[in-house]
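Some notes on the structure that comes next.
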Amino acid sequence: MIDFLSTIGRRVIDLCSIAGRLALFVASAFSHCLRPPFYFRNIMQQFWTIGYNSLPVVGLTAVFTGAVLALQASVGFSKLTAPAAIPLLVVVSVTRELGPVLASLMVAGRVGAAIAAELGTMRVTEQIDALDTLATNPMKYLVVPRVLAGLFMMPLLVLIADVIAVMGGFIVSSFILNLNESAYLINTIANLHAKDIISGLVKAAVFGLIITLLGCFNGYNSRGGAQGVGMATTNAVVYASVLILFFDYFLTELFLTQ
Amino acid sequence: MNSMSSEPAKISVKGLKKAFGRKVVLDGLDVEVTKGESLVIIGASGSGKSVFLKCLLGIIRADAGSILVDGEGMTGGDKATRERLRRKMGMLFQGGALFDSLTVWENVAFALNEGVGRRRIARAHSREIAIEKLNAVGLGEDIAELSPAELSGGMQKRVALARAIAPTPEILLFDEPTTGLDPIMADTINDLIVSSVQTLGATAISITHDMASARKIATRIAMLYQGKIIWEGSAAEVENSGNPYVDQFVHGRSEGPIRMQVRAL
């Protein structure tokens with residue numbers, strides 16, 4: 001019984017300590033984002049690797065999301081309501097929910113893992129310490145460019161994902177379900193609301209921060225060689241994915257009550 | 001031992017303590033290094049040598065005690081002072097710690113291109129300086145555009161040495177400079193360390209458990225055991241120190257007063 005309680009106690013203390021260190025890390029990362037010097041070369045490079053290089057995986061996810069939504073919707077609606085209902089369902093669910101969440105989950109797997117592995121390896125091979133000895137702040141040199149890239153690139157990726165997903169729905173509706181093409185486009189435009197798009201993009205920015213901050217935090221604090229780096233990578237992806245879904249709920253609630 | 005007491009110490013460490021959880025690593029370490037001296041700290045694996053170097057650099061914060069560099073506080077002092085003092089130091093890491101996202105010359109010129117507080121210079125000029133530093137450690141321009149991963153361990157160590165000396169630091173720190181190298185390459189690195197310390201007129205602190213390396217690069221040797229300096233003397237004195245701990249270490253005997261640390265720090 002005592003063993004059981006002490007195990008619970010230890011877990012709770014561990015969790016609190018991780019939460020505290022994460023909070024300090026995030027605060028420090030944000031404050032370094034605002035104070036010079038800035039490493040523009042690194043920032044541009046991260047915009048490229050996190051943003052542009054994620055396009056294929058985000059695009060593929062989006063096209064199939066839109067397509068499968070249209071296909072599923074076709075089952076529920078009659079021949080009469082389908083031409084209006086399918087584009088409505090696709091555009092609303094994609095811009096509000098599926099675009100940001102699915103794109104972010106894919107990027108968490110791709111980018112979050114890569115960041116944690118790279119920074120983790122740099123930590124265990126003392127490259128992060130070496131930065132310190134070369135009068136370069138590793139937070140500014142390594143963390144800030146990645147966090148900024150997450151913040152600015154994720155909304156752009158989601159915007160592109162929204163367009164591709166609507167196109168995916170269009171392809172299925174026009175060529176597989178043989179519904180009227182212009183009706184699809186007209187109904188898409190009619191149901192396209194600025195508020196839905198903006199709420200999706202705000203979500204994307206928050207998710208981008210979550211992915212990059214957790215990737216950096218886990219990599220930066222990894223310990224103990226190859227195994228430690230492996231664990232950091234796993235934790236970065238798992239924590240980011242869970243937090244994305246968690247924040248998605250609360251952001252949705254926030255936007256719906258507005 | 002400390003004959004140049006008239007000159008203020010370049011580095012003065014008093015009562016340095018550091019513990020990780022319940023594990024005491026440094027337990028009141030005192031050491032002084034005068035300008036131009038090359039101090040080698042010997043000690044078994046796990047005796048706290050690396051932690052000491054990281055405290056000196058301010059990467060790890062000590063629990064108690066003081067570190068003065070040129071009379072200014074590395075411990076306790078404000079962040080700006082710490083960063084300014086750190087800029088006087090160059091460090092050669094055990095595994096080289098070269099940045100694998102950059103080419104060899106960009107690594108060597110890193111402090112010149114990116115370092116804060118140093119005058120930014122044109123890339124073409126910093127490349128010239130990098131080549132010059134590579135030449136100083138016996139490497140040619142042909143490897144400048146390679147990535148560090150393409151080099152052998154010994155070559156990586158040399159590039160790392162070139163990177164450490166590139167900003168012409170006043171203090172050079174060496175973390176196990178010969179570990180993992182064959183005896184010939186190890187001796188080459190020792191020679192390069194001696195020559196670069198002399199050329200720069202720098203003060204050097206090295207930590208090692210390689211006695212051949214210690215004899216070659218030290219003007220003074222100190223032994224670290226259980227978080228304290230238990231003996232110090234000239235490189236010649238180390239052979240007949242009369243200290244059973246030092247004797248056991250220098251002659252590499254498994255039997256003796258030193259109990260090996262089983263758990264990693």
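Labels used: A, B, ... for chains in the order of the structure tokens, numbers from 1 for residues in each chain, and numbers from 1 for ligands as shown.
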
Give me, as a Markdown table, each residue of chain B that comes within 12 Å of chain A, together with its shortest interatomic pair and the distance in Å at one decimal, counting only C-alpha atoms, with rows ordered by chain and rising residue number.
| residue | atom | partner | partner_atom | distance |
| --- | --- | --- | --- | --- |
| B:Ser50 | CA | A:Glu126 | CA | 11.6 |
| B:Leu53 | CA | A:Asp129 | CA | 11.3 |
| B:Lys54 | CA | A:Asp129 | CA | 8.6 |
| B:Cys55 | CA | A:Asp129 | CA | 11.7 |
| B:Leu56 | CA | A:Thr133 | CA | 10.8 |
| B:Leu57 | CA | A:Thr133 | CA | 7.2 |
| B:Gly58 | CA | A:Asp132 | CA | 9.0 |
| B:Ile59 | CA | A:Asp129 | CA | 7.1 |
| B:Ile60 | CA | A:Asp129 | CA | 10.0 |
| B:Ala80 | CA | A:Ala135 | CA | 11.4 |
| B:Arg82 | CA | A:Ala135 | CA | 10.6 |
| B:Glu83 | CA | A:Ala135 | CA | 7.2 |
| B:Arg84 | CA | A:Ala135 | CA | 8.7 |
| B:Leu85 | CA | A:Ala135 | CA | 10.0 |
| B:Arg86 | CA | A:Thr133 | CA | 6.6 |
| B:Arg87 | CA | A:Ala135 | CA | 6.1 |
| B:Lys88 | CA | A:Thr133 | CA | 9.4 |
| B:Met89 | CA | A:Thr133 | CA | 7.2 |
| B:Gly90 | CA | A:Thr133 | CA | 6.5 |
| B:Met91 | CA | A:Thr133 | CA | 6.7 |
| B:Leu92 | CA | A:Ala130 | CA | 8.6 |
| B:Phe93 | CA | A:Glu126 | CA | 7.4 |
| B:Gln94 | CA | A:Glu126 | CA | 8.6 |
| B:Gly95 | CA | A:Thr125 | CA | 6.8 |
| B:Gly96 | CA | A:Thr125 | CA | 8.3 |
| B:Ala97 | CA | A:Gln127 | CA | 4.7 |
| B:Leu98 | CA | A:Gln127 | CA | 6.5 |
| B:Phe99 | CA | A:Gln127 | CA | 6.3 |
| B:Asp100 | CA | A:Met122 | CA | 8.9 |
| B:Ser101 | CA | A:Glu118 | CA | 9.9 |
| B:Leu102 | CA | A:Asn42 | CA | 11.6 |
| B:Asn107 | CA | A:Leu134 | CA | 10.3 |
| B:Val108 | CA | A:Leu134 | CA | 10.4 |
| B:Ala109 | CA | A:Leu134 | CA | 10.0 |
| B:Phe110 | CA | A:Leu134 | CA | 7.3 |
| B:Ala111 | CA | A:Leu134 | CA | 5.3 |
| B:Leu112 | CA | A:Leu134 | CA | 9.0 |
| B:Asn113 | CA | A:Leu134 | CA | 10.3 |
| B:Glu114 | CA | A:Thr136 | CA | 6.9 |
| B:Gly115 | CA | A:Ala135 | CA | 5.0 |
| B:Val116 | CA | A:Ala135 | CA | 5.7 |
| B:Gly117 | CA | A:Ala135 | CA | 7.9 |
| B:Arg118 | CA | A:Ala135 | CA | 8.8 |
| B:Ala160 | CA | A:Ala130 | CA | 9.9 |
| B:Arg163 | CA | A:Leu134 | CA | 8.9 |
| B:Ala164 | CA | A:Leu134 | CA | 8.2 |
| B:Ile165 | CA | A:Leu134 | CA | 10.6 |
| B:Ala166 | CA | A:Leu134 | CA | 10.0 |
| B:Pro167 | CA | A:Leu134 | CA | 8.6 |
| B:Thr168 | CA | A:Leu134 | CA | 11.5 |
| B:Pro169 | CA | A:Leu134 | CA | 10.4 |
| B:Ile171 | CA | A:Thr133 | CA | 11.5 |
| B:Leu172 | CA | A:Thr133 | CA | 10.7 |
| B:Leu173 | CA | A:Thr133 | CA | 10.2 |
| B:Asp175 | CA | A:Glu126 | CA | 11.3 |
| B:Ala264 | CA | A:Gly224 | CA | 10.4 |
| B:Leu265 | CA | A:Gly224 | CA | 11.0 |

Would you write out those residues with C-alpha atoms, as a short mmCIF file (atom, residue, chain, number, x, y, z; two decimals), in the first residue's frame?
data_model
loop_
_atom_site.label_atom_id
_atom_site.label_comp_id
_atom_site.auth_asym_id
_atom_site.auth_seq_id
_atom_site.Cartn_x
_atom_site.Cartn_y
_atom_site.Cartn_z
CA SER B 50 34.21 17.22 -16.68
CA LEU B 53 35.37 22.27 -16.60
CA LYS B 54 31.68 22.95 -17.17
CA CYS B 55 31.55 24.96 -13.95
CA LEU B 56 34.54 26.96 -15.16
CA LEU B 57 32.71 27.73 -18.39
CA GLY B 58 29.55 28.60 -16.50
CA ILE B 59 27.54 25.91 -18.31
CA ILE B 60 26.87 24.20 -14.98
CA ALA B 80 27.00 40.05 -18.87
CA ARG B 82 29.85 35.76 -17.22
CA GLU B 83 29.47 36.06 -20.97
CA ARG B 84 32.41 38.44 -21.23
CA LEU B 85 34.61 36.07 -19.21
CA ARG B 86 33.47 33.11 -21.24
CA ARG B 87 34.61 34.90 -24.35
CA LYS B 88 38.16 34.71 -23.01
CA MET B 89 37.95 30.93 -23.06
CA GLY B 90 38.19 28.33 -25.77
CA MET B 91 37.34 24.71 -25.21
CA LEU B 92 38.27 21.48 -26.94
CA PHE B 93 35.53 18.94 -26.24
CA GLN B 94 36.14 15.26 -25.74
CA GLY B 95 34.30 14.17 -28.86
CA GLY B 96 35.20 17.30 -30.82
CA ALA B 97 31.59 18.52 -30.72
CA LEU B 98 31.84 19.87 -34.27
CA PHE B 99 28.57 21.13 -35.73
CA ASP B 100 27.62 18.56 -38.33
CA SER B 101 25.26 20.91 -40.15
CA LEU B 102 28.20 23.14 -41.10
CA ASN B 107 33.01 25.30 -37.87
CA VAL B 108 36.45 26.83 -37.46
CA ALA B 109 35.19 30.33 -38.25
CA PHE B 110 32.02 29.90 -36.16
CA ALA B 111 32.96 32.33 -33.41
CA LEU B 112 34.01 34.88 -36.03
CA ASN B 113 30.83 34.54 -38.09
CA GLU B 114 28.20 34.05 -35.39
CA GLY B 115 29.70 34.89 -32.00
CA VAL B 116 28.09 37.73 -30.10
CA GLY B 117 30.18 40.70 -29.12
CA ARG B 118 32.85 40.03 -31.71
CA ALA B 160 37.97 21.15 -33.09
CA ARG B 163 37.94 26.08 -33.81
CA ALA B 164 38.92 26.51 -30.16
CA ILE B 165 41.99 28.65 -30.99
CA ALA B 166 40.36 30.66 -33.80
CA PRO B 167 39.03 33.50 -31.59
CA THR B 168 42.52 33.72 -29.92
CA PRO B 169 41.31 32.94 -26.40
CA ILE B 171 42.35 30.52 -21.63
CA LEU B 172 42.18 27.12 -23.28
CA LEU B 173 40.32 24.19 -21.76
CA ASP B 175 38.54 17.81 -22.03
CA ALA B 264 28.09 7.24 -13.51
CA LEU B 265 27.64 10.81 -12.36
#

Query raised in the report: Could you name the residues that touch stretch 68-74 of chain A at 7 Å or less, counting only C-alpha atoms, but leaving out those on the same chain fewer than 6 positions away, as a ChimeraX atom specification?
Result: /A:82,86,90,169,172-173

Report task. Mind checking which residues fall within 8 Å of stretch 241-258 of chain B, counting only C-alpha atoms, ignoring those fewer than 4 positions away in the same chain, and posting them as JSON, numbers by chain? Result -> {"B": [43, 44, 211, 223, 231, 237]}

Query raised in the report: What lies within 6 Å of stretch 148-162 of chain A using only C-alpha atoms, ignoring chain neighbours under 2 positions off, as a list in words?
Result: Gln46, Phe47, Gly51, Gly59, Ala62, Thr95, Gly99, Pro100, Pro145, Arg146, Ile164, Ala165, Leu201, Ala204, Ala205, Gly208, Leu209 and Thr212 of chain A

Report as a compact mmCIF listing (two decimals) with C-alpha atoms, in the first residue's frame all protein, DNA and RNA residues lying within 8 Å of B:Met185, evaluated on only C-alpha atoms, omitting residues in the same chain fewer than 4 positions from it.
# COMPACT_ATOMS: atom_id res chain seq x y z
CA GLY B 154 41.88 12.40 -35.20
CA LEU B 181 42.92 8.30 -30.56
CA ILE B 189 47.43 16.29 -30.69

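The space between atom CA of A:Ser182 and atom CA of A:Val91 spans 15.0 Å.
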
Query raised in the report: When DSSP works through the backbone of this structure, what residues of stretch 10-248 of chain B end up as helix (DSSP H, G or I), shown as JSON, numbers by chain?
Result: {"B": [49, 50, 51, 52, 53, 54, 55, 56, 57, 79, 80, 81, 82, 83, 84, 85, 86, 104, 105, 106, 107, 108, 110, 111, 112, 113, 123, 124, 125, 126, 127, 128, 129, 130, 131, 132, 133, 134, 135, 136, 141, 142, 143, 148, 149, 150, 153, 154, 155, 156, 157, 158, 159, 160, 161, 162, 163, 164, 165, 183, 184, 185, 186, 187, 188, 189, 190, 191, 192, 193, 194, 195, 196, 197, 198, 199, 200, 211, 212, 213, 214, 215, 216, 217, 237, 238, 239, 240, 244, 245, 246, 247, 248]}

Requested in this report: Skip stretch 216-233 of chain A itself and residues of its chain fewer than 3 positions away, then list as a ChimeraX atom specification all residues within 9 Å of it, counting only C-alpha atoms.
Outcome: /A:21-22,25-26,112-125,128,142-143,146-147,211-213,236-238

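Atom CA of B:Gly233 lies 8.9 Å from atom CA of B:Thr219.
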